[in-house]
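J.: If it helps, the file is called coords_36.cif and holds mmCIF, C-alpha atoms (C1' of nucleotides):
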```cif
data_coords
loop_
_atom_site.label_atom_id
_atom_site.label_comp_id
_atom_site.auth_asym_id
_atom_site.auth_seq_id
_atom_site.Cartn_x
_atom_site.Cartn_y
_atom_site.Cartn_z
CA MET A 1 -91.32 90.77 -59.95
CA ALA A 2 -92.50 94.22 -60.78
CA LYS A 3 -96.18 94.86 -61.19
CA PRO A 4 -97.59 94.42 -64.66
CA ASP A 5 -97.10 97.54 -66.69
CA ASN A 6 -100.52 98.84 -65.73
CA THR A 7 -100.05 101.55 -68.26
CA THR A 8 -102.58 104.01 -66.98
CA ARG A 9 -101.28 104.03 -63.46
CA GLN A 10 -97.75 104.41 -64.69
CA ARG A 11 -98.75 107.20 -67.02
CA ILE A 12 -100.18 109.08 -64.08
CA LEU A 13 -97.02 108.66 -62.07
CA ASP A 14 -94.84 109.77 -64.96
CA ALA A 15 -96.92 112.83 -65.61
CA ALA A 16 -96.86 113.66 -61.92
CA LEU A 17 -93.10 113.43 -61.78
CA ASP A 18 -92.80 115.62 -64.85
CA ILE A 19 -94.98 118.25 -63.27
CA ILE A 20 -93.05 118.17 -60.03
CA GLU A 21 -89.79 118.52 -61.87
CA ALA A 22 -90.96 121.36 -64.05
CA GLN A 23 -93.24 123.29 -61.74
CA GLY A 24 -92.60 122.11 -58.22
CA MET A 25 -94.61 120.37 -55.58
CA LYS A 26 -97.28 122.97 -55.18
CA ALA A 27 -98.22 122.65 -58.82
CA LEU A 28 -98.99 118.98 -58.53
CA THR A 29 -102.77 118.93 -58.76
CA GLN A 30 -105.29 116.52 -60.15
CA PRO A 31 -106.43 118.92 -62.88
CA LYS A 32 -102.87 119.30 -64.13
CA ILE A 33 -102.22 115.58 -64.14
CA ALA A 34 -105.55 115.00 -65.85
CA LYS A 35 -104.68 117.44 -68.58
CA ALA A 36 -101.23 115.97 -69.07
CA THR A 37 -102.49 112.42 -69.33
CA GLY A 38 -105.79 113.02 -71.04
CA LEU A 39 -107.62 111.31 -68.21
CA ARG A 40 -110.55 112.72 -66.31
CA GLN A 41 -109.88 114.27 -62.93
CA SER A 42 -112.32 111.96 -61.22
CA HIS A 43 -110.53 109.07 -62.76
CA LEU A 44 -107.35 109.93 -60.94
CA THR A 45 -108.95 109.44 -57.58
CA TYR A 46 -109.90 105.98 -58.75
CA TYR A 47 -106.24 105.05 -58.87
CA PHE A 48 -105.19 107.19 -55.94
CA PRO A 49 -108.12 107.79 -53.62
CA ARG A 50 -106.27 110.33 -51.52
CA LYS A 51 -103.53 112.65 -52.50
CA ALA A 52 -101.29 111.00 -49.96
CA ASP A 53 -101.68 107.72 -51.85
CA LEU A 54 -100.31 109.32 -54.95
CA PHE A 55 -97.44 110.84 -53.01
CA ILE A 56 -96.43 107.53 -51.56
CA ALA A 57 -96.62 105.87 -54.95
CA LEU A 58 -94.42 108.63 -56.33
CA LEU A 59 -91.80 107.72 -53.80
CA ASP A 60 -90.98 104.51 -55.62
CA ALA A 61 -91.70 105.96 -59.01
CA SER A 62 -89.16 108.69 -58.58
CA HIS A 63 -86.72 106.18 -57.24
CA SER A 64 -87.15 104.03 -60.33
CA ARG A 65 -86.76 106.96 -62.62
CA ALA A 66 -83.62 108.08 -60.88
CA ALA A 67 -82.23 104.56 -60.93
CA GLY A 68 -82.50 104.50 -64.68
CA GLN A 69 -80.24 107.52 -64.96
CA THR A 70 -77.60 106.89 -62.37
CA PRO A 71 -74.77 104.42 -62.67
CA ALA A 72 -74.60 102.33 -59.54
CA ASP A 73 -70.93 102.75 -58.79
CA ALA A 74 -69.83 103.80 -55.36
CA SER A 75 -68.23 107.03 -56.47
CA SER A 76 -71.64 108.50 -57.19
CA VAL A 77 -72.94 108.07 -53.67
CA GLU A 78 -71.75 111.52 -52.88
CA ALA A 79 -73.48 113.05 -55.87
CA MET A 80 -76.62 111.11 -55.14
CA LEU A 81 -76.81 112.29 -51.56
CA SER A 82 -75.99 115.79 -52.60
CA THR A 83 -78.93 116.09 -54.95
CA LEU A 84 -81.17 114.14 -52.64
CA VAL A 85 -80.64 116.62 -49.88
CA PHE A 86 -79.64 119.90 -51.45
CA ASP A 87 -81.91 119.87 -54.44
CA ARG A 88 -84.81 122.01 -53.31
CA GLY A 89 -87.31 120.12 -55.39
CA ARG A 90 -86.26 116.80 -53.92
CA MET A 91 -86.33 118.10 -50.41
CA ARG A 92 -89.71 119.71 -50.81
CA PHE A 93 -90.95 116.46 -52.23
CA LEU A 94 -90.03 114.67 -49.03
CA LEU A 95 -91.51 117.37 -46.83
CA ALA A 96 -94.73 117.43 -48.77
CA ILE A 97 -95.14 113.71 -48.33
CA LEU A 98 -94.37 113.95 -44.66
CA LEU A 99 -97.05 116.56 -44.21
CA GLU A 100 -99.60 114.93 -46.42
CA ILE A 101 -99.53 111.53 -44.79
CA ASP A 102 -100.10 113.25 -41.49
CA ASP A 103 -101.17 110.55 -39.07
CA ASP A 104 -101.84 107.72 -41.45
CA ARG A 105 -99.90 104.88 -39.90
CA GLU A 106 -99.94 102.75 -42.99
CA LEU A 107 -98.44 105.38 -45.22
CA GLN A 108 -96.01 106.37 -42.52
CA ALA A 109 -94.76 102.82 -42.47
CA VAL A 110 -94.18 102.85 -46.20
CA LEU A 111 -92.26 106.08 -46.05
CA HIS A 112 -90.32 104.97 -43.01
CA ALA A 113 -89.28 101.78 -44.74
CA HIS A 114 -88.30 103.78 -47.77
CA LEU A 115 -86.06 106.04 -45.75
CA ALA A 116 -84.53 103.09 -43.91
CA HIS A 117 -83.85 101.39 -47.19
CA LEU A 118 -81.97 104.37 -48.48
CA VAL A 119 -79.66 104.30 -45.50
CA ARG A 120 -78.94 100.63 -46.07
CA VAL A 121 -78.17 101.27 -49.70
CA VAL A 122 -75.77 104.05 -48.81
CA ALA A 123 -74.12 101.94 -46.15
CA THR A 124 -73.67 99.03 -48.50
CA ARG A 125 -72.25 101.17 -51.25
CA LEU A 126 -69.75 102.51 -48.80
CA GLY A 127 -68.68 99.03 -47.89
CA ARG A 128 -70.15 99.19 -44.43
CA PRO A 129 -72.60 96.98 -42.58
CA ALA A 130 -76.16 97.59 -43.66
CA GLU A 131 -77.24 98.76 -40.23
CA ASP A 132 -74.42 101.15 -39.53
CA ALA A 133 -75.22 103.75 -36.92
CA ALA A 134 -72.63 106.15 -38.26
CA VAL A 135 -74.20 106.10 -41.70
CA GLN A 136 -77.59 106.74 -40.18
CA SER A 137 -76.42 109.77 -38.25
CA PHE A 138 -74.50 110.93 -41.29
CA VAL A 139 -77.62 110.89 -43.40
CA ASP A 140 -79.61 112.46 -40.58
CA GLU A 141 -77.26 115.38 -40.40
CA LEU A 142 -77.34 115.77 -44.16
CA ARG A 143 -81.11 116.01 -44.07
CA GLY A 144 -80.95 118.58 -41.32
CA ILE A 145 -78.55 120.63 -43.37
CA GLY A 146 -80.83 120.22 -46.34
CA LEU A 147 -83.70 121.55 -44.31
CA ARG A 148 -81.75 124.62 -43.37
CA HIS A 149 -80.49 124.99 -46.91
CA LEU A 150 -84.09 125.14 -48.04
CA SER A 151 -84.71 128.32 -46.13
CA ASP A 152 -81.60 130.00 -47.42
CA PRO A 153 -82.76 132.85 -49.65
CA ALA A 154 -79.39 133.04 -51.37
CA PRO A 155 -77.92 129.57 -51.25
CA GLY A 156 -74.29 129.60 -52.22
CA GLU A 157 -72.39 126.50 -53.08
CA ARG A 158 -73.73 123.26 -51.82
CA PRO A 159 -72.13 122.16 -48.60
CA SER A 160 -69.61 119.40 -48.92
CA VAL A 161 -71.11 116.01 -48.34
CA ALA A 162 -67.66 114.56 -47.80
CA ALA A 163 -66.97 116.91 -44.93
CA VAL A 164 -70.13 115.84 -43.19
CA ALA A 165 -69.21 112.24 -43.76
CA ASN A 166 -65.83 112.74 -42.15
CA ARG A 167 -67.50 114.20 -39.13
CA HIS A 168 -69.16 110.85 -38.66
CA GLY A 169 -66.05 108.86 -39.26
CA ILE A 170 -67.02 107.97 -42.78
CA SER A 171 -64.77 108.23 -45.78
CA LEU A 172 -66.45 108.53 -49.14
CA THR A 173 -63.41 107.59 -51.13
CA THR A 174 -63.49 103.84 -51.25
CA MET B 175 -89.63 148.30 -28.79
CA ALA B 176 -92.28 145.74 -29.43
CA LYS B 177 -95.16 146.65 -31.67
CA PRO B 178 -98.18 148.12 -29.96
CA ASP B 179 -100.46 145.43 -28.70
CA ASN B 180 -102.47 145.55 -31.86
CA THR B 181 -105.04 143.41 -30.21
CA THR B 182 -106.73 142.08 -33.27
CA ARG B 183 -103.58 140.89 -34.90
CA GLN B 184 -102.46 139.26 -31.70
CA ARG B 185 -105.82 137.63 -31.24
CA ILE B 186 -105.49 136.06 -34.64
CA LEU B 187 -102.06 134.70 -33.85
CA ASP B 188 -103.20 133.32 -30.51
CA ALA B 189 -106.19 131.61 -32.03
CA ALA B 190 -104.00 130.19 -34.76
CA LEU B 191 -101.55 128.76 -32.25
CA ASP B 192 -104.40 127.24 -30.28
CA ILE B 193 -105.75 125.56 -33.37
CA ILE B 194 -102.37 124.23 -34.36
CA GLU B 195 -101.83 122.85 -30.90
CA ALA B 196 -105.21 121.23 -30.67
CA GLN B 197 -105.81 120.08 -34.21
CA GLY B 198 -102.55 120.21 -36.06
CA MET B 199 -101.20 122.14 -38.98
CA LYS B 200 -103.65 120.90 -41.56
CA ALA B 201 -106.53 122.25 -39.53
CA LEU B 202 -105.23 125.79 -39.60
CA THR B 203 -107.61 127.48 -41.98
CA GLN B 204 -109.05 130.93 -42.27
CA PRO B 205 -112.60 129.80 -41.53
CA LYS B 206 -111.49 128.16 -38.30
CA ILE B 207 -109.53 131.18 -37.18
CA ALA B 208 -112.43 133.41 -38.11
CA LYS B 209 -114.80 131.38 -36.04
CA ALA B 210 -112.45 131.29 -33.07
CA THR B 211 -111.88 135.02 -33.09
CA GLY B 212 -115.26 136.21 -34.23
CA LEU B 213 -113.70 137.98 -37.17
CA ARG B 214 -114.75 137.66 -40.78
CA GLN B 215 -112.70 135.41 -43.00
CA SER B 216 -111.99 138.17 -45.44
CA HIS B 217 -110.76 140.25 -42.59
CA LEU B 218 -108.00 137.80 -41.90
CA THR B 219 -106.46 138.31 -45.28
CA TYR B 220 -106.33 142.00 -44.46
CA TYR B 221 -103.84 141.27 -41.72
CA PHE B 222 -102.14 138.38 -43.49
CA PRO B 223 -102.59 138.68 -47.24
CA ARG B 224 -101.13 135.27 -47.93
CA LYS B 225 -101.15 132.21 -45.82
CA ALA B 226 -97.38 132.26 -45.80
CA ASP B 227 -97.49 135.67 -44.12
CA LEU B 228 -99.47 134.23 -41.27
CA PHE B 229 -97.09 131.32 -40.98
CA ILE B 230 -94.10 133.53 -40.72
CA ALA B 231 -95.79 135.70 -38.14
CA LEU B 232 -96.60 132.57 -36.17
CA LEU B 233 -92.93 131.80 -36.03
CA ASP B 234 -92.30 134.62 -33.58
CA ALA B 235 -95.65 134.26 -31.91
CA SER B 236 -95.01 130.67 -30.99
CA HIS B 237 -91.58 131.62 -29.84
CA SER B 238 -92.99 134.24 -27.53
CA ARG B 239 -95.59 131.90 -26.18
CA ALA B 240 -93.01 129.21 -25.50
CA ALA B 241 -90.71 131.76 -23.86
CA GLY B 242 -93.40 132.58 -21.36
CA GLN B 243 -93.55 128.99 -20.21
CA THR B 244 -89.95 127.91 -20.14
CA PRO B 245 -87.42 128.93 -17.55
CA ALA B 246 -84.29 130.12 -19.26
CA ASP B 247 -81.78 128.01 -17.38
CA ALA B 248 -79.26 126.00 -19.24
CA SER B 249 -80.47 122.64 -18.01
CA SER B 250 -83.61 123.00 -20.07
CA VAL B 251 -81.80 123.32 -23.36
CA GLU B 252 -82.03 119.61 -23.74
CA ALA B 253 -85.76 119.56 -23.09
CA MET B 254 -86.27 122.50 -25.38
CA LEU B 255 -84.46 120.89 -28.25
CA SER B 256 -86.19 117.62 -27.60
CA THR B 257 -89.67 119.06 -28.00
CA LEU B 258 -88.58 121.32 -30.80
CA VAL B 259 -87.44 118.39 -32.84
CA PHE B 260 -89.34 115.35 -31.65
CA ASP B 261 -92.69 116.89 -31.06
CA ARG B 262 -94.56 116.04 -34.22
CA GLY B 263 -96.64 119.17 -34.11
CA ARG B 264 -93.61 121.40 -33.83
CA MET B 265 -91.82 119.64 -36.60
CA ARG B 266 -94.80 119.74 -38.90
CA PHE B 267 -95.11 123.40 -38.16
CA LEU B 268 -91.62 124.00 -39.48
CA LEU B 269 -92.14 121.84 -42.54
CA ALA B 270 -95.42 123.54 -43.35
CA ILE B 271 -93.77 126.92 -43.27
CA LEU B 272 -90.91 125.70 -45.38
CA LEU B 273 -93.32 124.46 -48.01
CA GLU B 274 -95.65 127.40 -47.87
CA ILE B 275 -93.03 130.08 -48.36
CA ASP B 276 -91.86 128.21 -51.41
CA ASP B 277 -89.70 130.60 -53.37
CA ASP B 278 -90.51 133.82 -51.62
CA ARG B 279 -87.09 135.23 -50.88
CA GLU B 280 -88.30 137.70 -48.33
CA LEU B 281 -90.05 135.14 -46.20
CA GLN B 282 -87.20 132.72 -46.64
CA ALA B 283 -84.90 135.31 -45.18
CA VAL B 284 -87.09 135.73 -42.13
CA LEU B 285 -87.22 132.01 -41.54
CA HIS B 286 -83.54 131.60 -42.18
CA ALA B 287 -82.73 134.29 -39.65
CA HIS B 288 -85.05 132.66 -37.20
CA LEU B 289 -83.31 129.32 -37.52
CA ALA B 290 -79.90 130.94 -37.25
CA HIS B 291 -81.00 132.76 -34.14
CA LEU B 292 -82.04 129.54 -32.50
CA VAL B 293 -78.60 128.07 -33.02
CA ARG B 294 -77.00 131.10 -31.47
CA VAL B 295 -79.28 130.87 -28.48
CA VAL B 296 -78.44 127.22 -28.00
CA ALA B 297 -74.75 127.89 -28.37
CA THR B 298 -74.84 130.70 -25.86
CA ARG B 299 -76.79 128.70 -23.34
CA LEU B 300 -74.21 126.00 -23.62
CA GLY B 301 -71.46 128.44 -22.90
CA ARG B 302 -70.06 128.28 -26.37
CA PRO B 303 -69.29 130.95 -28.94
CA ALA B 304 -72.40 132.14 -30.72
CA GLU B 305 -71.21 130.94 -34.11
CA ASP B 306 -70.06 127.51 -33.10
CA ALA B 307 -69.89 125.07 -35.99
CA ALA B 308 -70.30 122.09 -33.70
CA VAL B 309 -73.56 123.43 -32.32
CA GLN B 310 -74.80 124.04 -35.83
CA SER B 311 -74.10 120.51 -36.96
CA PHE B 312 -75.52 119.22 -33.70
CA VAL B 313 -78.79 120.98 -34.33
CA ASP B 314 -78.72 119.92 -37.96
CA GLU B 315 -78.45 116.30 -37.04
CA LEU B 316 -81.23 116.68 -34.50
CA ARG B 317 -83.51 118.05 -37.17
CA GLY B 318 -82.63 115.21 -39.48
CA ILE B 319 -83.48 112.75 -36.77
CA GLY B 320 -86.68 114.63 -36.13
CA LEU B 321 -87.58 114.32 -39.77
CA ARG B 322 -87.09 110.60 -39.68
CA HIS B 323 -88.91 110.38 -36.38
CA LEU B 324 -91.89 112.00 -38.03
CA SER B 325 -92.31 109.10 -40.40
CA ASP B 326 -92.05 106.52 -37.68
CA PRO B 327 -95.47 104.89 -37.41
CA ALA B 328 -94.72 103.57 -33.93
CA PRO B 329 -92.30 105.99 -32.39
CA GLY B 330 -90.83 104.58 -29.22
CA GLU B 331 -88.94 106.68 -26.77
CA ARG B 332 -87.51 109.90 -27.99
CA PRO B 333 -83.90 109.60 -28.99
CA SER B 334 -81.43 111.02 -26.55
CA VAL B 335 -80.47 114.56 -27.34
CA ALA B 336 -77.45 114.26 -25.11
CA ALA B 337 -76.09 111.34 -27.10
CA VAL B 338 -76.32 113.33 -30.29
CA ALA B 339 -74.61 116.22 -28.60
CA ASN B 340 -71.73 114.04 -27.52
CA ARG B 341 -71.29 112.91 -31.08
CA HIS B 342 -70.53 116.51 -31.93
CA GLY B 343 -68.23 117.04 -29.03
CA ILE B 344 -70.81 118.87 -27.02
CA SER B 345 -71.64 118.22 -23.41
CA LEU B 346 -75.05 119.29 -22.23
CA THR B 347 -74.22 119.14 -18.58
CA THR B 348 -72.74 122.51 -17.86
"C1'" DA C 349 -120.79 80.97 -75.69
"C1'" DT C 350 -122.99 83.43 -72.36
"C1'" DA C 351 -123.90 85.01 -67.97
"C1'" DA C 352 -121.98 87.19 -64.07
"C1'" DT C 353 -118.53 89.57 -61.71
"C1'" DT C 354 -114.85 92.73 -61.48
"C1'" DA C 355 -112.10 96.62 -63.25
"C1'" DG C 356 -111.98 100.86 -65.55
"C1'" DT C 357 -114.22 105.23 -67.10
"C1'" DT C 358 -117.32 109.19 -67.32
"C1'" DG C 359 -119.69 113.42 -66.02
"C1'" DG C 360 -121.38 115.75 -62.39
"C1'" DT C 361 -121.51 117.55 -57.75
"C1'" DA C 362 -120.56 118.69 -52.80
"C1'" DG C 363 -117.67 120.94 -49.69
"C1'" DA C 364 -113.42 123.54 -48.46
"C1'" DC C 365 -110.40 126.86 -48.89
"C1'" DT C 366 -107.48 131.08 -50.45
"C1'" DA C 367 -107.43 135.37 -52.41
"C1'" DC C 368 -109.47 139.42 -54.05
"C1'" DC C 369 -112.50 143.60 -54.29
"C1'" DA C 370 -115.69 147.34 -53.80
"C1'" DA C 371 -117.96 149.78 -50.43
"C1'" DG C 372 -118.82 151.36 -45.85
"C1'" DA C 373 -117.47 152.53 -40.84
"C1'" DA C 374 -114.26 154.03 -37.47
"C1'" DA C 375 -110.18 156.27 -36.01
"C1'" DA C 376 -106.54 159.31 -36.44
"C1'" DT C 377 -104.54 163.59 -38.62
"C1'" DT C 378 -104.50 168.04 -40.24
"C1'" DA D 379 -114.45 170.03 -39.33
"C1'" DA D 380 -112.59 168.05 -43.17
"C1'" DT D 381 -109.64 164.66 -44.90
"C1'" DT D 382 -106.85 160.84 -45.04
"C1'" DT D 383 -105.73 156.43 -43.30
"C1'" DT D 384 -106.93 152.26 -41.09
"C1'" DC D 385 -110.19 148.76 -40.22
"C1'" DT D 386 -114.31 146.00 -41.31
"C1'" DT D 387 -117.97 143.90 -44.00
"C1'" DG D 388 -120.29 141.03 -47.39
"C1'" DG D 389 -119.79 138.95 -51.49
"C1'" DT D 390 -117.49 136.55 -55.22
"C1'" DA D 391 -114.11 134.18 -58.34
"C1'" DG D 392 -111.23 130.49 -58.90
"C1'" DT D 393 -109.00 126.08 -57.19
"C1'" DC D 394 -108.83 122.01 -55.49
"C1'" DT D 395 -109.97 117.23 -53.30
"C1'" DA D 396 -113.11 113.76 -52.69
"C1'" DC D 397 -117.15 111.38 -53.64
"C1'" DC D 398 -120.89 109.03 -56.29
"C1'" DA D 399 -124.11 106.98 -59.45
"C1'" DA D 400 -124.25 105.35 -63.95
"C1'" DC D 401 -122.07 103.27 -67.86
"C1'" DT D 402 -118.69 100.37 -70.51
"C1'" DA D 403 -115.05 97.17 -71.19
"C1'" DA D 404 -112.70 93.24 -69.78
"C1'" DT D 405 -112.38 88.84 -66.99
"C1'" DT D 406 -113.87 84.92 -65.05
"C1'" DA D 407 -117.07 81.38 -64.23
"C1'" DT D 408 -120.82 78.41 -65.83
#
```
Could you take the file, read its structure, and then write that structure out as structure tokens?
T.:
Amino acid sequence: MAKPDNTTRQRILDAALDIIEAQGMKALTQPKIAKATGLRQSHLTYYFPRKADLFIALLDASHSRAAGQTPADASSVEAMLSTLVFDRGRMRFLLAILLEIDDDRELQAVLHAHLAHLVRVVATRLGRPAEDAAVQSFVDELRGIGLRHLSDPAPGERPSVAAVANRHGISLTT
Amino acid sequence: MAKPDNTTRQRILDAALDIIEAQGMKALTQPKIAKATGLRQSHLTYYFPRKADLFIALLDASHSRAAGQTPADASSVEAMLSTLVFDRGRMRFLLAILLEIDDDRELQAVLHAHLAHLVRVVATRLGRPAEDAAVQSFVDELRGIGLRHLSDPAPGERPSVAAVANRHGISLTT
DNA sequence: ATAATTAGTTGGTAGACTACCAAGAAAATT
DNA sequence: AATTTTCTTGGTAGTCTACCAACTAATTAT
């Protein structure tokens, strides 16, 4: 089902995620990844010809990593969305990808599918139809809030995800 | 009231806006601005020591430019928000700034104020109190949709701003 | 088994770009 | 007229992405 372990490729992705987590998006450079993995810089572009390719690959990689840490019960949907949207690192990650893929249709499609998938997952976990318009607009608003949150020089408490949900006729307490 | 014309500085900002409009955010580089204005590259960093400084300055500059073209009647709020959020260039502009200012509190504050101001303007134009929570969440959701729109490889028609407004109990037809 | 093809790896380089700096020119103050 | 401040220049240091030609290891085919 999953690709063969492909150790080298995976090592790159892991190192990249570590760097992002520890030093942020702007610090994610080929030299740093090379150092962390012991590979040559030029070698990295063999696996990921353009930086955008790496970014897109990281999309799934980070998802996998997160999946390994989070229990899949419905009660954690709120927490999941909260970090997804209010964690500055996470948000910047998304924005960076969005900017990097620029006008590349192919990569856009991958990202778009990824985002759509997330909405379906949330909807399902909330016991709603997979293509629920309310869930979509709920998540949309969350992302908008997250965007604004990102520019807040002194962010206080994280906004309540549940309150936003209510606004869209969604109850998080199953 | 306004700063003195400061021609050089303004010339830089104008050239920068032109480049962004014509070639997108990624094409906005010091060499290109230098060429367009006839200034030396090193000179640009005299006016804007860091790239983020230029970005922030562009925030107001683009606002001014847009103000000169748009009539200020209420009926155009919809159109204004539509381009603001669904125009890929505009959206990328915001994201680029967000990423570039990173953790600089000072610049974050400027951007944050800018975003807050926009909401107040929208609220006022809609005949609502300046600090209207509904308008805020309305704009938030729009931005979230805009974000998603940006990753759509084959964007169809722009979503209806009015429909989103209704969802937040806001009517655009004054 | 061995030849041939494909996948992975290396070192080096080209091309951009931001940021900085020392020194000189122009403008404004005193 | 002298001095201080602002503006301008040319040059450089340091990063980074992307590319490429050559080499090696691993697969696949004969």
J.: Write out as a PyMOL selection string each polymer residue whose atoms come within 8 Å of segment 300-316 of chain B, counting only C-alpha atoms (C1' of nucleotides); drop sequence neighbours fewer than 5 positions from it.
T.: (chain A and resi 137-138+140-145+148) or (chain B and resi 248+259+293-295+335+338-339+342-344+346+348)
J.: Given the selection you just returned, output its residues as a file containing C-alpha atoms, formatted as a compact mmCIF listing (two decimals), in the frame of the given file.
T.:
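Saved file selection37.txt follows:
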```txt
# COMPACT_ATOMS: atom_id res chain seq x y z
CA SER A 137 -76.42 109.77 -38.25
CA PHE A 138 -74.50 110.93 -41.29
CA ASP A 140 -79.61 112.46 -40.58
CA GLU A 141 -77.26 115.38 -40.40
CA LEU A 142 -77.34 115.77 -44.16
CA ARG A 143 -81.11 116.01 -44.07
CA GLY A 144 -80.95 118.58 -41.32
CA ILE A 145 -78.55 120.63 -43.37
CA ARG A 148 -81.75 124.62 -43.37
CA ALA B 248 -79.26 126.00 -19.24
CA VAL B 259 -87.44 118.39 -32.84
CA VAL B 293 -78.60 128.07 -33.02
CA ARG B 294 -77.00 131.10 -31.47
CA VAL B 295 -79.28 130.87 -28.48
CA VAL B 335 -80.47 114.56 -27.34
CA VAL B 338 -76.32 113.33 -30.29
CA ALA B 339 -74.61 116.22 -28.60
CA HIS B 342 -70.53 116.51 -31.93
CA GLY B 343 -68.23 117.04 -29.03
CA ILE B 344 -70.81 118.87 -27.02
CA LEU B 346 -75.05 119.29 -22.23
CA THR B 348 -72.74 122.51 -17.86
```
J.: Tell me which residues the PyMOL selection byres ((chain B) within 12 of (chain C)) grabs here, as JSON, numbers by chain.
T.: {"B": [200, 201, 202, 203, 204, 205, 206, 215, 216, 217, 218, 219, 220, 222, 223, 224, 225, 226]}
J.: Compile the residues of chain D that lie within 10 Å of chain B, evaluated using only C-alpha atoms (C1' of nucleotides), and express the compilation as a list in words.
T.: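 Listed by rising number, the hits are DC385, DT386, DT387, DG388 and DG389 of chain D.
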J.: Selected by the PyMOL selection byres ((chain A) within 10 of (chain B)) in the shown coordinates: which residues, as number ranges by chain?
T.: A: 24-26, 88, 91-116, 134, 136-154, 164, 167-168
J.: Given the selection you just returned, output its residues as a file containing C-alpha atoms, formatted as a PDB file, in the coordinates of the input.
T.:
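Output below, filename out-v6.pdb:
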```pdb
ATOM      1  CA  GLY A  24     -92.600 122.110 -58.220  1.00  0.00           C
ATOM      2  CA  MET A  25     -94.610 120.370 -55.580  1.00  0.00           C
ATOM      3  CA  LYS A  26     -97.280 122.970 -55.180  1.00  0.00           C
ATOM      4  CA  ARG A  88     -84.810 122.010 -53.310  1.00  0.00           C
ATOM      5  CA  MET A  91     -86.330 118.100 -50.410  1.00  0.00           C
ATOM      6  CA  ARG A  92     -89.710 119.710 -50.810  1.00  0.00           C
ATOM      7  CA  PHE A  93     -90.950 116.460 -52.230  1.00  0.00           C
ATOM      8  CA  LEU A  94     -90.030 114.670 -49.030  1.00  0.00           C
ATOM      9  CA  LEU A  95     -91.510 117.370 -46.830  1.00  0.00           C
ATOM     10  CA  ALA A  96     -94.730 117.430 -48.770  1.00  0.00           C
ATOM     11  CA  ILE A  97     -95.140 113.710 -48.330  1.00  0.00           C
ATOM     12  CA  LEU A  98     -94.370 113.950 -44.660  1.00  0.00           C
ATOM     13  CA  LEU A  99     -97.050 116.560 -44.210  1.00  0.00           C
ATOM     14  CA  GLU A 100     -99.600 114.930 -46.420  1.00  0.00           C
ATOM     15  CA  ILE A 101     -99.530 111.530 -44.790  1.00  0.00           C
ATOM     16  CA  ASP A 102    -100.100 113.250 -41.490  1.00  0.00           C
ATOM     17  CA  ASP A 103    -101.170 110.550 -39.070  1.00  0.00           C
ATOM     18  CA  ASP A 104    -101.840 107.720 -41.450  1.00  0.00           C
ATOM     19  CA  ARG A 105     -99.900 104.880 -39.900  1.00  0.00           C
ATOM     20  CA  GLU A 106     -99.940 102.750 -42.990  1.00  0.00           C
ATOM     21  CA  LEU A 107     -98.440 105.380 -45.220  1.00  0.00           C
ATOM     22  CA  GLN A 108     -96.010 106.370 -42.520  1.00  0.00           C
ATOM     23  CA  ALA A 109     -94.760 102.820 -42.470  1.00  0.00           C
ATOM     24  CA  VAL A 110     -94.180 102.850 -46.200  1.00  0.00           C
ATOM     25  CA  LEU A 111     -92.260 106.080 -46.050  1.00  0.00           C
ATOM     26  CA  HIS A 112     -90.320 104.970 -43.010  1.00  0.00           C
ATOM     27  CA  ALA A 113     -89.280 101.780 -44.740  1.00  0.00           C
ATOM     28  CA  HIS A 114     -88.300 103.780 -47.770  1.00  0.00           C
ATOM     29  CA  LEU A 115     -86.060 106.040 -45.750  1.00  0.00           C
ATOM     30  CA  ALA A 116     -84.530 103.090 -43.910  1.00  0.00           C
ATOM     31  CA  ALA A 134     -72.630 106.150 -38.260  1.00  0.00           C
ATOM     32  CA  GLN A 136     -77.590 106.740 -40.180  1.00  0.00           C
ATOM     33  CA  SER A 137     -76.420 109.770 -38.250  1.00  0.00           C
ATOM     34  CA  PHE A 138     -74.500 110.930 -41.290  1.00  0.00           C
ATOM     35  CA  VAL A 139     -77.620 110.890 -43.400  1.00  0.00           C
ATOM     36  CA  ASP A 140     -79.610 112.460 -40.580  1.00  0.00           C
ATOM     37  CA  GLU A 141     -77.260 115.380 -40.400  1.00  0.00           C
ATOM     38  CA  LEU A 142     -77.340 115.770 -44.160  1.00  0.00           C
ATOM     39  CA  ARG A 143     -81.110 116.010 -44.070  1.00  0.00           C
ATOM     40  CA  GLY A 144     -80.950 118.580 -41.320  1.00  0.00           C
ATOM     41  CA  ILE A 145     -78.550 120.630 -43.370  1.00  0.00           C
ATOM     42  CA  GLY A 146     -80.830 120.220 -46.340  1.00  0.00           C
ATOM     43  CA  LEU A 147     -83.700 121.550 -44.310  1.00  0.00           C
ATOM     44  CA  ARG A 148     -81.750 124.620 -43.370  1.00  0.00           C
ATOM     45  CA  HIS A 149     -80.490 124.990 -46.910  1.00  0.00           C
ATOM     46  CA  LEU A 150     -84.090 125.140 -48.040  1.00  0.00           C
ATOM     47  CA  SER A 151     -84.710 128.320 -46.130  1.00  0.00           C
ATOM     48  CA  ASP A 152     -81.600 130.000 -47.420  1.00  0.00           C
ATOM     49  CA  PRO A 153     -82.760 132.850 -49.650  1.00  0.00           C
ATOM     50  CA  ALA A 154     -79.390 133.040 -51.370  1.00  0.00           C
ATOM     51  CA  VAL A 164     -70.130 115.840 -43.190  1.00  0.00           C
ATOM     52  CA  ARG A 167     -67.500 114.200 -39.130  1.00  0.00           C
ATOM     53  CA  HIS A 168     -69.160 110.850 -38.660  1.00  0.00           C
TER      54      HIS A 168
END
```
J.: Please report, as lines of an AutoDock Vina configuration file, the centre and edge lengths in Å to one decimal of an axis-aligned box covering all listed atoms of segment 384-403 of chain D with 8 Å per side.
T.:
```
center_x = -115.6
center_y = 124.7
center_z = -55.7
size_x = 33.3
size_y = 71.1
size_z = 47.0
```
